[in-house]
file data_3.txt (compact mmCIF, C-alpha atoms and all ligand atoms)
# COMPACT_ATOMS: atom_id res chain seq x y z
CA MET A 9 0.00 0.00 0.00
CA LYS A 10 2.65 2.43 1.20
CA GLY A 11 4.94 1.49 -1.65
CA SER A 12 2.25 2.11 -4.26
CA SER A 13 1.31 5.61 -2.96
CA LYS A 14 4.99 6.50 -2.95
CA SER A 15 5.38 5.44 -6.55
CA ARG A 16 2.18 7.40 -7.47
CA ASN A 17 3.73 10.51 -5.93
CA HIS A 18 6.92 9.87 -7.75
CA PHE A 19 4.93 9.54 -10.97
CA ARG A 20 3.10 12.86 -10.34
CA VAL A 21 6.36 14.66 -9.69
CA THR A 22 7.90 13.24 -12.89
CA VAL A 23 4.87 14.27 -14.99
CA GLY A 24 4.90 17.71 -13.37
CA VAL A 25 8.58 18.20 -14.14
CA LEU A 26 8.15 17.04 -17.73
CA LEU A 27 5.17 19.35 -18.25
CA GLY A 28 7.18 22.20 -16.79
CA ILE A 29 10.05 21.53 -19.17
CA GLY A 30 7.56 21.36 -22.09
CA VAL A 31 6.02 24.74 -21.18
CA LEU A 32 9.48 26.27 -20.82
CA CYS A 33 10.53 24.93 -24.23
CA LEU A 34 7.38 26.34 -25.86
CA ALA A 35 7.90 29.71 -24.20
CA ALA A 36 11.53 29.78 -25.32
CA TYR A 37 10.50 28.83 -28.87
CA TYR A 38 8.00 31.70 -29.13
CA ALA A 39 9.90 34.29 -27.09
CA VAL A 40 13.45 33.65 -28.26
CA TYR A 41 13.83 31.28 -31.24
CA LEU A 42 11.07 32.61 -33.53
CA PRO A 43 12.02 36.31 -33.19
CA TYR A 44 15.65 35.27 -33.71
CA THR A 45 14.92 33.37 -36.94
CA GLU A 46 12.69 36.18 -38.18
CA ARG A 47 15.49 38.66 -37.64
CA HIS A 48 17.79 36.35 -39.58
CA VAL A 49 15.65 36.05 -42.70
CA ILE A 50 17.87 37.15 -45.55
CA ALA A 51 17.03 37.83 -49.16
CA SER A 52 18.85 36.18 -52.04
CA GLN A 53 18.39 37.09 -55.66
CA LYS A 54 19.84 35.58 -58.81
CA VAL A 55 19.37 35.93 -62.56
CA ARG A 56 19.89 33.10 -65.04
CA ILE A 57 19.09 32.60 -68.70
CA LEU A 58 16.57 29.78 -68.98
CA MET A 59 13.74 29.07 -71.42
CA ASP A 60 15.39 31.51 -73.81
CA THR A 61 14.79 34.41 -71.46
CA SER A 62 16.20 36.05 -68.40
CA VAL A 63 14.81 34.53 -65.22
CA ASP A 64 15.08 36.48 -61.98
CA ILE A 65 14.25 34.86 -58.64
CA ARG A 66 14.30 36.57 -55.25
CA VAL A 67 13.53 34.69 -52.05
CA ASP A 68 13.39 36.06 -48.51
CA ALA A 69 13.98 33.20 -46.10
CA ARG A 70 16.58 31.85 -43.74
CA ASN A 71 18.14 29.50 -46.30
CA SER A 72 17.27 31.75 -49.23
CA GLU A 73 20.33 31.05 -51.34
CA GLN A 74 19.67 27.33 -51.46
CA LEU A 75 15.97 27.92 -52.10
CA VAL A 76 16.72 30.24 -55.04
CA ASN A 77 18.95 27.55 -56.58
CA GLN A 78 16.29 24.90 -56.06
CA ALA A 79 13.62 27.15 -57.60
CA PHE A 80 15.85 27.53 -60.67
CA ALA A 81 16.18 23.75 -60.79
CA GLU A 82 12.37 23.52 -61.00
CA ILE A 83 12.39 25.86 -64.00
CA GLU A 84 15.19 23.87 -65.62
CA ARG A 85 13.23 20.64 -65.13
CA VAL A 86 10.17 22.13 -66.85
CA GLU A 87 12.31 23.43 -69.72
CA GLU A 88 14.00 20.05 -70.17
CA THR A 89 10.60 18.38 -70.34
CA LEU A 90 8.65 20.83 -72.46
CA SER A 91 10.98 22.76 -74.76
CA ARG A 92 10.78 21.71 -78.36
CA TYR A 93 14.27 23.12 -78.88
CA ILE A 94 15.82 20.51 -76.57
CA ASN A 95 16.14 17.22 -78.49
CA THR A 96 15.65 15.02 -75.47
CA SER A 97 12.50 16.76 -74.17
CA GLU A 98 9.15 15.01 -74.09
CA VAL A 99 7.70 17.57 -76.50
CA SER A 100 10.54 16.84 -78.96
CA THR A 101 9.77 13.13 -78.68
CA ILE A 102 6.08 13.79 -79.37
CA ASN A 103 7.08 15.85 -82.42
CA SER A 104 9.64 13.39 -83.77
CA HIS A 105 7.09 10.56 -83.37
CA ALA A 106 4.13 12.48 -84.82
CA GLY A 107 1.51 9.95 -85.87
CA GLU A 108 2.39 7.58 -83.01
CA TRP A 109 1.40 7.38 -79.35
CA VAL A 110 4.16 8.65 -77.07
CA GLU A 111 4.35 8.01 -73.33
CA VAL A 112 5.05 11.17 -71.31
CA SER A 113 5.12 12.31 -67.71
CA GLN A 114 2.07 13.49 -65.82
CA ILE A 115 3.07 17.17 -65.99
CA THR A 116 3.15 17.05 -69.78
CA ILE A 117 -0.33 15.47 -69.83
CA GLU A 118 -1.63 18.12 -67.42
CA LEU A 119 -0.14 21.02 -69.36
CA ILE A 120 -1.40 19.81 -72.75
CA LYS A 121 -4.86 19.34 -71.19
CA GLU A 122 -4.77 22.92 -69.89
CA ALA A 123 -3.60 24.16 -73.32
CA LEU A 124 -6.52 22.36 -75.00
CA ARG A 125 -8.95 23.82 -72.45
CA ILE A 126 -7.79 27.36 -73.29
CA ALA A 127 -7.98 26.49 -77.01
CA GLU A 128 -11.67 25.58 -76.56
CA LEU A 129 -12.30 28.64 -74.41
CA SER A 130 -10.75 30.97 -77.00
CA ASP A 131 -12.36 29.29 -80.00
CA GLY A 132 -8.97 28.15 -81.29
CA ALA A 133 -7.20 31.51 -80.96
CA PHE A 134 -4.80 29.70 -78.61
CA ASP A 135 -3.54 26.65 -80.47
CA VAL A 136 -0.42 24.75 -79.45
CA THR A 137 -0.22 23.02 -82.84
CA VAL A 138 1.07 26.22 -84.51
CA GLY A 139 4.65 24.87 -84.46
CA ALA A 140 4.99 24.39 -88.24
CA VAL A 141 3.85 27.98 -88.85
CA MET A 142 6.32 29.30 -86.26
CA ASP A 143 9.12 27.38 -88.01
CA LEU A 144 8.15 28.84 -91.35
CA TRP A 145 8.60 32.37 -90.02
CA GLY A 146 11.94 31.38 -88.50
CA PHE A 147 10.96 31.93 -84.86
CA GLY A 148 13.04 29.50 -82.88
CA THR A 149 15.94 29.24 -85.32
CA GLY A 150 16.33 33.01 -85.71
CA GLN A 151 16.42 32.66 -89.51
CA TYR A 152 13.51 34.98 -90.09
CA LYS A 153 11.65 35.38 -93.35
CA VAL A 154 8.19 36.37 -94.55
CA PRO A 155 6.83 33.16 -96.08
CA SER A 156 4.83 32.93 -99.31
CA GLU A 157 1.06 32.48 -99.14
CA GLU A 158 1.35 28.91 -100.44
CA GLU A 159 3.85 28.06 -97.74
CA ILE A 160 1.54 29.47 -95.11
CA ALA A 161 -1.48 27.58 -96.49
CA GLN A 162 0.53 24.37 -96.42
CA ALA A 163 1.74 24.88 -92.86
CA LEU A 164 -1.78 25.77 -91.73
CA GLU A 165 -2.95 22.31 -92.78
CA THR A 166 -0.94 20.88 -89.89
CA VAL A 167 -2.62 23.20 -87.35
CA GLY A 168 -5.65 22.09 -85.32
CA TYR A 169 -5.70 21.58 -81.56
CA GLU A 170 -8.73 19.29 -81.79
CA ARG A 171 -6.52 16.66 -83.43
CA VAL A 172 -4.27 16.30 -80.38
CA GLU A 173 -5.16 13.04 -78.62
CA ILE A 174 -4.54 12.21 -74.97
CA ASP A 175 -4.85 8.78 -73.38
CA GLU A 176 -4.80 9.58 -69.68
CA SER A 177 -4.86 5.99 -68.44
CA LYS A 178 -1.73 5.12 -70.44
CA ARG A 179 -0.24 8.63 -70.04
CA GLN A 180 0.21 8.90 -73.79
CA VAL A 181 -0.12 11.69 -76.36
CA ARG A 182 -0.50 11.53 -80.14
CA ILE A 183 -0.42 14.31 -82.71
CA PRO A 184 -1.04 13.84 -86.46
CA GLU A 185 1.91 13.33 -88.78
CA GLY A 186 3.26 16.68 -89.94
CA THR A 187 1.90 18.55 -86.90
CA VAL A 188 4.38 20.32 -84.62
CA LEU A 189 3.49 20.82 -80.97
CA ASP A 190 4.73 24.13 -79.50
CA LEU A 191 4.03 24.90 -75.84
CA GLY A 192 5.89 28.24 -76.02
CA GLY A 193 2.70 30.17 -75.25
CA ILE A 194 2.07 28.44 -71.91
CA ALA A 195 5.25 26.68 -70.67
CA LYS A 196 6.96 29.72 -69.16
CA GLY A 197 3.93 30.41 -66.98
CA PHE A 198 3.88 26.78 -65.96
CA ALA A 199 7.58 26.88 -65.03
CA VAL A 200 6.95 29.96 -62.87
CA ASP A 201 4.04 28.18 -61.15
CA GLU A 202 6.19 25.11 -60.47
CA ALA A 203 8.93 27.26 -58.93
CA ALA A 204 6.37 29.15 -56.80
CA LYS A 205 4.75 25.86 -55.72
CA PHE A 206 8.15 24.56 -54.63
CA LEU A 207 8.86 27.71 -52.59
CA ARG A 208 5.44 27.66 -50.92
CA LYS A 209 5.90 23.98 -50.04
CA ASN A 210 9.14 24.99 -48.34
CA ASN A 211 7.32 27.53 -46.26
CA VAL A 212 8.59 30.63 -48.08
CA LYS A 213 6.43 33.62 -47.19
CA ARG A 214 8.06 36.23 -49.39
CA ALA A 215 9.44 35.77 -52.92
CA ILE A 216 9.15 36.99 -56.47
CA ILE A 217 9.85 35.06 -59.66
CA ASN A 218 10.13 36.81 -63.01
CA ALA A 219 10.71 34.74 -66.14
CA GLY A 220 10.94 37.32 -68.90
CA GLY A 221 7.72 39.04 -67.86
CA ASP A 222 5.87 35.98 -66.51
CA ILE A 223 5.76 36.92 -62.84
CA ALA A 224 4.60 35.20 -59.65
CA ALA A 225 4.58 37.02 -56.32
CA ILE A 226 4.51 35.23 -52.98
CA GLY A 227 3.41 37.35 -50.01
CA ARG A 228 4.36 41.02 -49.74
CA ARG A 229 7.45 43.18 -49.90
CA PRO A 230 9.67 43.54 -46.82
CA ASP A 231 7.93 46.84 -45.96
CA ASP A 232 4.63 44.88 -45.86
CA THR A 233 3.18 46.53 -48.96
CA PRO A 234 2.25 44.50 -52.08
CA TRP A 235 4.95 43.83 -54.67
CA ARG A 236 4.80 46.35 -57.51
CA VAL A 237 5.07 45.27 -61.12
CA GLY A 238 5.50 47.59 -64.09
CA VAL A 239 3.65 47.09 -67.37
CA GLN A 240 5.64 48.32 -70.36
CA ASN A 241 4.51 50.73 -73.02
CA PRO A 242 4.46 48.52 -76.16
CA ASP A 243 5.54 51.50 -78.30
CA ASN A 244 8.55 52.11 -76.10
CA PRO A 245 9.24 49.09 -73.87
CA SER A 246 11.80 50.88 -71.71
CA ASP A 247 8.97 53.09 -70.56
CA ILE A 248 6.69 51.79 -67.76
CA ARG A 249 3.09 52.77 -68.41
CA TRP A 250 1.23 51.19 -65.49
CA ILE A 251 2.16 49.90 -62.05
CA LEU A 252 0.24 46.98 -60.57
CA PRO A 253 0.16 45.89 -56.95
CA LEU A 254 0.74 42.13 -56.71
CA GLU A 255 0.27 39.90 -53.68
CA ASN A 256 0.04 36.10 -53.92
CA SER A 257 -0.84 36.48 -57.55
CA CYS A 258 0.65 36.31 -61.04
CA VAL A 259 0.98 38.65 -63.99
CA VAL A 260 1.93 37.80 -67.55
CA THR A 261 2.23 40.04 -70.61
CA SER A 262 2.21 39.07 -74.29
CA GLY A 263 3.43 41.83 -76.56
CA ASP A 264 4.33 42.46 -80.18
CA TYR A 265 7.63 44.00 -78.96
CA GLN A 266 8.87 40.88 -77.18
CA ARG A 267 10.08 38.85 -80.18
CA TYR A 268 9.97 40.15 -83.72
CA PHE A 269 11.90 41.02 -86.86
CA VAL A 270 11.51 43.91 -89.25
CA TYR A 271 11.10 43.35 -92.97
CA ASP A 272 9.76 45.77 -95.58
CA ASP A 273 9.39 48.42 -92.86
CA GLN A 274 6.97 46.16 -91.06
CA LYS A 275 7.24 44.47 -87.68
CA TRP A 276 6.57 40.71 -87.84
CA HIS A 277 6.14 39.26 -84.35
CA HIS A 278 5.80 35.83 -82.77
CA ILE A 279 2.12 35.54 -81.86
CA ILE A 280 0.42 33.83 -84.76
CA ASP A 281 -3.26 33.93 -85.59
CA PRO A 282 -3.97 30.23 -86.27
CA ARG A 283 -6.77 31.23 -88.65
CA THR A 284 -4.45 33.11 -91.03
CA GLY A 285 -0.90 31.94 -90.28
CA TYR A 286 0.20 35.60 -89.95
CA PRO A 287 1.09 37.50 -86.76
CA ALA A 288 -2.08 38.71 -85.04
CA SER A 289 -2.24 42.38 -85.92
CA GLU A 290 -4.94 44.13 -83.90
CA LEU A 291 -3.27 44.40 -80.47
CA GLN A 292 0.06 45.55 -79.15
CA SER A 293 0.03 43.98 -75.72
CA VAL A 294 -2.14 41.96 -73.34
CA THR A 295 -1.44 41.74 -69.62
CA ILE A 296 -3.30 39.16 -67.53
CA ILE A 297 -3.41 39.02 -63.74
CA THR A 298 -4.68 35.90 -62.05
CA GLU A 299 -3.76 33.33 -59.42
CA ARG A 300 -1.84 30.93 -61.67
CA ALA A 301 0.86 31.98 -64.16
CA THR A 302 0.02 29.00 -66.41
CA LEU A 303 -3.47 30.38 -66.98
CA ALA A 304 -2.24 33.96 -67.27
CA ASP A 305 0.34 32.91 -69.88
CA ALA A 306 -2.08 30.97 -72.09
CA LEU A 307 -4.76 33.65 -71.77
CA SER A 308 -2.44 36.53 -72.64
CA THR A 309 -1.47 34.78 -75.89
CA ALA A 310 -5.09 33.76 -76.62
CA ILE A 311 -6.45 37.26 -76.06
CA PHE A 312 -3.67 38.80 -78.11
CA VAL A 313 -5.05 36.78 -81.03
CA LEU A 314 -8.73 37.35 -80.17
CA GLY A 315 -8.41 41.15 -80.25
CA MET A 316 -10.04 43.90 -78.21
CA ASP A 317 -13.76 43.01 -78.36
CA ALA A 318 -13.70 39.23 -78.06
CA GLY A 319 -10.69 39.45 -75.72
CA SER A 320 -12.23 41.85 -73.22
CA GLN A 321 -15.47 39.85 -73.32
CA LEU A 322 -13.61 36.65 -72.44
CA VAL A 323 -11.90 38.39 -69.50
CA GLU A 324 -15.27 39.65 -68.23
CA GLU A 325 -16.71 36.14 -68.42
CA MET A 326 -13.91 34.62 -66.36
CA GLU A 327 -13.81 34.82 -62.60
CA ASP A 328 -10.73 36.22 -60.88
CA VAL A 329 -9.04 37.22 -64.13
CA GLU A 330 -8.03 40.86 -64.67
CA ALA A 331 -6.48 42.39 -67.77
CA ILE A 332 -4.95 45.37 -69.53
CA ILE A 333 -5.48 45.17 -73.29
CA VAL A 334 -3.62 47.68 -75.48
CA SER A 335 -4.22 48.39 -79.16
CA ARG A 336 -2.83 51.22 -81.28
CA ASP A 337 -5.73 53.51 -80.43
CA ALA A 338 -7.37 52.15 -77.29
CA VAL A 339 -6.71 50.71 -73.85
CA TRP A 340 -9.09 48.49 -71.93
CA ILE A 341 -8.54 47.82 -68.23
CA SER A 342 -10.89 45.36 -66.52
CA PRO A 343 -13.12 47.20 -64.02
CA ASN A 344 -11.73 45.60 -60.83
CA LEU A 345 -8.17 46.23 -61.86
CA ASN A 346 -8.89 49.81 -62.84
CA LYS A 347 -9.25 50.70 -59.17
CA GLN A 348 -5.79 49.32 -58.37
CA VAL A 349 -3.46 50.34 -61.18
CA THR A 350 -1.42 53.49 -61.22
CA SER A 351 -0.89 55.10 -64.63
CA ARG A 352 2.35 56.91 -65.31
P1 LIG B 401 3.64 34.41 -75.45
O1 LIG B 401 4.97 35.06 -75.46
O2 LIG B 401 3.29 33.72 -74.18
O3 LIG B 401 2.54 35.27 -75.93
O4 LIG B 401 3.69 33.21 -76.46
C1 LIG B 401 4.22 33.30 -77.73
C2 LIG B 401 4.72 31.94 -78.10
O5 LIG B 401 3.61 31.04 -78.14
C3 LIG B 401 5.34 31.88 -79.45
O6 LIG B 401 6.71 32.10 -79.39
C4 LIG B 401 4.98 30.48 -79.92
O7 LIG B 401 5.88 29.56 -79.35
C5 LIG B 401 3.62 30.24 -79.29
N1 LIG B 401 2.46 30.71 -80.08
C6 LIG B 401 2.41 31.64 -81.08
N2 LIG B 401 1.14 31.84 -81.50
C7 LIG B 401 0.38 31.00 -80.74
C8 LIG B 401 -1.02 30.74 -80.68
N3 LIG B 401 -1.90 31.35 -81.48
N4 LIG B 401 -1.46 29.83 -79.77
C9 LIG B 401 -0.59 29.20 -78.95
N5 LIG B 401 0.72 29.40 -78.95
C10 LIG B 401 1.20 30.30 -79.83
MG MG B 402 1.56 33.22 -73.30

call {"tool": "encode", "arguments": {"input": "data_3.txt", "output": "structure tokens", "more": "lines below"}}
Ligand code: AMP
Ligand code: MG
result
Amino acid sequence: MKGSSKSRNHFRVTVGVLLGIGVLCLAAYYAVYLPYTERHVIASQKVRILMDTSVDIRVDARNSEQLVNQAFAEIERVEETLSRYINTSEVSTINSHAGEWVEVSQITIELIKEALRIAELSDGAFDVTVGAVMDLWGFGTGQYKVPSEEEIAQALETVGYERVEIDESKRQVRIPEGTVLDLGGIAKGFAVDEAAKFLRKNNVKRAIINAGGDIAAIGRRPDDTPWRVGVQNPDNPSDIRWILPLENSCVVTSGDYQRYFVYDDQKWHHIIDPRTGYPASELQSVTIITERATLADALSTAIFVLGMDAGSQLVEEMEDVEAIIVSRDAVWISPNLNKQVTSR
């Protein structure tokens, strides 16, 4: 009897001591460790050329340098999988085996599905089978030329997103013989999303990723205000025309000044109207703001082709999508965004 009450007391004392130590540890964690780590958050920023553009990543975190490098690795992985200018990529394999089923990774399936969804949504203005037309104009190789009408008509026969087949259960894709898949209008946004997803998974609360104008912002700036992103004047790209606040959101711009050549006093740029095979000519730039850069990227290209009326209508129909659409003689800013942008 006596022995058992003694051991009960002993047990109570032990539990009490352990609880006390636990409380002390918690208090020390909140009062000392957390403020210490917060004070030691440092920012790292690096620029690298990837996906044929300059990619700039800034991360504010304790191990920011390592995280920046790992975020770049995410972008590299996407490029190695999806670029049609890398021979070993999955997209290159799909293209070199046109007419046959090709097994690919899940991310390729997902991205092609998203590309086809935007194709439907934009009535074919966004079409990732424009590869043969792009090649004809020399985009990609840099050997630019204005093709003949016959050449364009021939290349257009290979274009048609509805002929891309996906077998999800076997994770396979098939395009018709002669067709060239080109994810250039959506892959950069996807790469930015993958890098942002990686950073969020690693608990990063403040970062900004900019892949040649495809931008994702995580959290706010160090002074606790939203990140600020400039939108260029398409007539003079070194001039910033609008400033957008950005917080846990993405912005992507498609513009006729981003990739082009001049021939016969005319500017021939890289966004092709799949209905004509010529560069879409109505707009100068389209900026899309939404939660995912993949969507913003595909939509900015799609709306560039759709033009002012159909483009602004599509933006109005979509939830949580804002836009700035610029033509030679007009600017349309979606109503919600209008309250937030600063014009310069
Ligand atoms: P972006 O810079 O995002 O507007 O995309 C332009 C790139 O998308 C081009 O360099 C092509 O690789 C590809 N592209 C061009 N026209 C189209 C189109 N109508 N639909 C889908 N992708 C396109
Ligand atoms: Mg795009």

call {"tool": "residues_near_ligand", "arguments": {"input": "data_3.txt", "ligand": "ligand MG 402 (chain B)", "cutoff": "6 Å", "atoms": "only C-alpha atoms and all ligand atoms", "output": "PyMOL selection string"}}
result
chain A and resi 193-194+262+305-306+308-309

call {"tool": "atom_distance", "arguments": {"input": "data_3.txt", "atom1": "atom CA of Trp250 of chain A", "atom2": "atom CA of Val334 of chain A"}}
result
11.6 Å

call {"tool": "residues_around", "arguments": {"input": "data_3.txt", "residues": "Asp60 of chain A", "least_positions_apart": "3", "cutoff": "12 Å", "atoms": "only C-alpha atoms", "output": "list of chain:residue names"}}
result
A:Arg56, A:Ile57, A:Val63, A:Ile83, A:Glu84, A:Glu87, A:Ser91, A:Arg92, A:Tyr93, A:Ile94, A:Phe147, A:Gly148, A:Thr149, A:Gly192, A:Ala195, A:Lys196, A:Ala219, A:Gly220, A:Gln266, A:Arg267

call {"tool": "residues_near_point", "arguments": {"input": "data_3.txt", "point": "(-4.8, 47.7, -70.5)", "cutoff": "8 Å", "atoms": "all atoms listed in the file", "output": "PyMOL selection string"}}
result
chain A and resi 294-295+331-334+339-342

call {"tool": "write_last_selection", "arguments": {"input": "data_3.txt", "atoms": "C-alpha atoms", "output": "compact mmCIF listing (two decimals), in the frame of the given file"}}
result
# COMPACT_ATOMS: atom_id res chain seq x y z
CA VAL A 294 -2.14 41.96 -73.34
CA THR A 295 -1.44 41.74 -69.62
CA ALA A 331 -6.48 42.39 -67.77
CA ILE A 332 -4.95 45.37 -69.53
CA ILE A 333 -5.48 45.17 -73.29
CA VAL A 334 -3.62 47.68 -75.48
CA VAL A 339 -6.71 50.71 -73.85
CA TRP A 340 -9.09 48.49 -71.93
CA ILE A 341 -8.54 47.82 -68.23
CA SER A 342 -10.89 45.36 -66.52

call {"tool": "closest_residue", "arguments": {"input": "data_3.txt", "among": "A:Thr116, A:Leu303, A:Ala106, A:Ile280", "to": "Arg171 of chain A", "atoms": "only C-alpha atoms"}}
result
A:Ala106

call {"tool": "residues_around", "arguments": {"input": "data_3.txt", "residues": "Glu202 of chain A", "least_positions_apart": "6", "cutoff": "9 Å", "atoms": "all atoms listed in the file", "output": "PyMOL selection string"}}
result
chain A and resi 79+82-83+86

call {"tool": "closest_atom_pairs", "arguments": {"input": "data_3.txt", "of": "segment 46-122 of chain A", "to": "segment 173-179 of chain A", "cutoff": "7 Å", "atoms": "all atoms listed in the file", "output": "Markdown table"}}
result
| residue | atom | partner | partner_atom | distance |
| --- | --- | --- | --- | --- |
| A:Glu111 | CA | A:Arg179 | CA | 5.7 |
| A:Val112 | CA | A:Arg179 | CA | 6.0 |
| A:Ser113 | CA | A:Arg179 | CA | 6.9 |
| A:Gln114 | CA | A:Arg179 | CA | 6.8 |
| A:Ile117 | CA | A:Arg179 | CA | 6.8 |

call {"tool": "closest_residue", "arguments": {"input": "data_3.txt", "among": "A:Pro242, A:Gly28, A:Pro287, A:Pro184", "to": "ligand LIG 401 (chain B)", "atoms": "all atoms listed in the file"}}
result
A:Pro287

call {"tool": "closest_residue", "arguments": {"input": "data_3.txt", "among": "A:Ala35, A:Ala69, A:Ile311, A:Val21", "to": "ligand LIG 401 (chain B)", "atoms": "all atoms listed in the file"}}
result
A:Ile311

call {"tool": "atom_distance", "arguments": {"input": "data_3.txt", "atom1": "atom CA of Val110 of chain A", "atom2": "atom CA of Tyr169 of chain A"}}
result
16.9 Å

call {"tool": "residues_near_point", "arguments": {"input": "data_3.txt", "point": "(3.9, 16.3, -91.6)", "cutoff": "9 Å", "atoms": "all atoms listed in the file", "output": "PDB file with C-alpha atoms, in the frame of the given file"}}
result
ATOM      1  CA  ALA A 106       4.130  12.480 -84.820  1.00  0.00           C
ATOM      2  CA  GLY A 107       1.510   9.950 -85.870  1.00  0.00           C
ATOM      3  CA  ALA A 140       4.990  24.390 -88.240  1.00  0.00           C
ATOM      4  CA  ALA A 163       1.740  24.880 -92.860  1.00  0.00           C
ATOM      5  CA  THR A 166      -0.940  20.880 -89.890  1.00  0.00           C
ATOM      6  CA  PRO A 184      -1.040  13.840 -86.460  1.00  0.00           C
ATOM      7  CA  GLU A 185       1.910  13.330 -88.780  1.00  0.00           C
ATOM      8  CA  GLY A 186       3.260  16.680 -89.940  1.00  0.00           C
ATOM      9  CA  THR A 187       1.900  18.550 -86.900  1.00  0.00           C
ATOM     10  CA  VAL A 188       4.380  20.320 -84.620  1.00  0.00           C
TER      11      VAL A 188
END

call {"tool": "atom_distance", "arguments": {"input": "data_3.txt", "atom1": "atom CA of Gln240 of chain A", "atom2": "atom CA of Leu322 of chain A"}}
result
22.6 Å
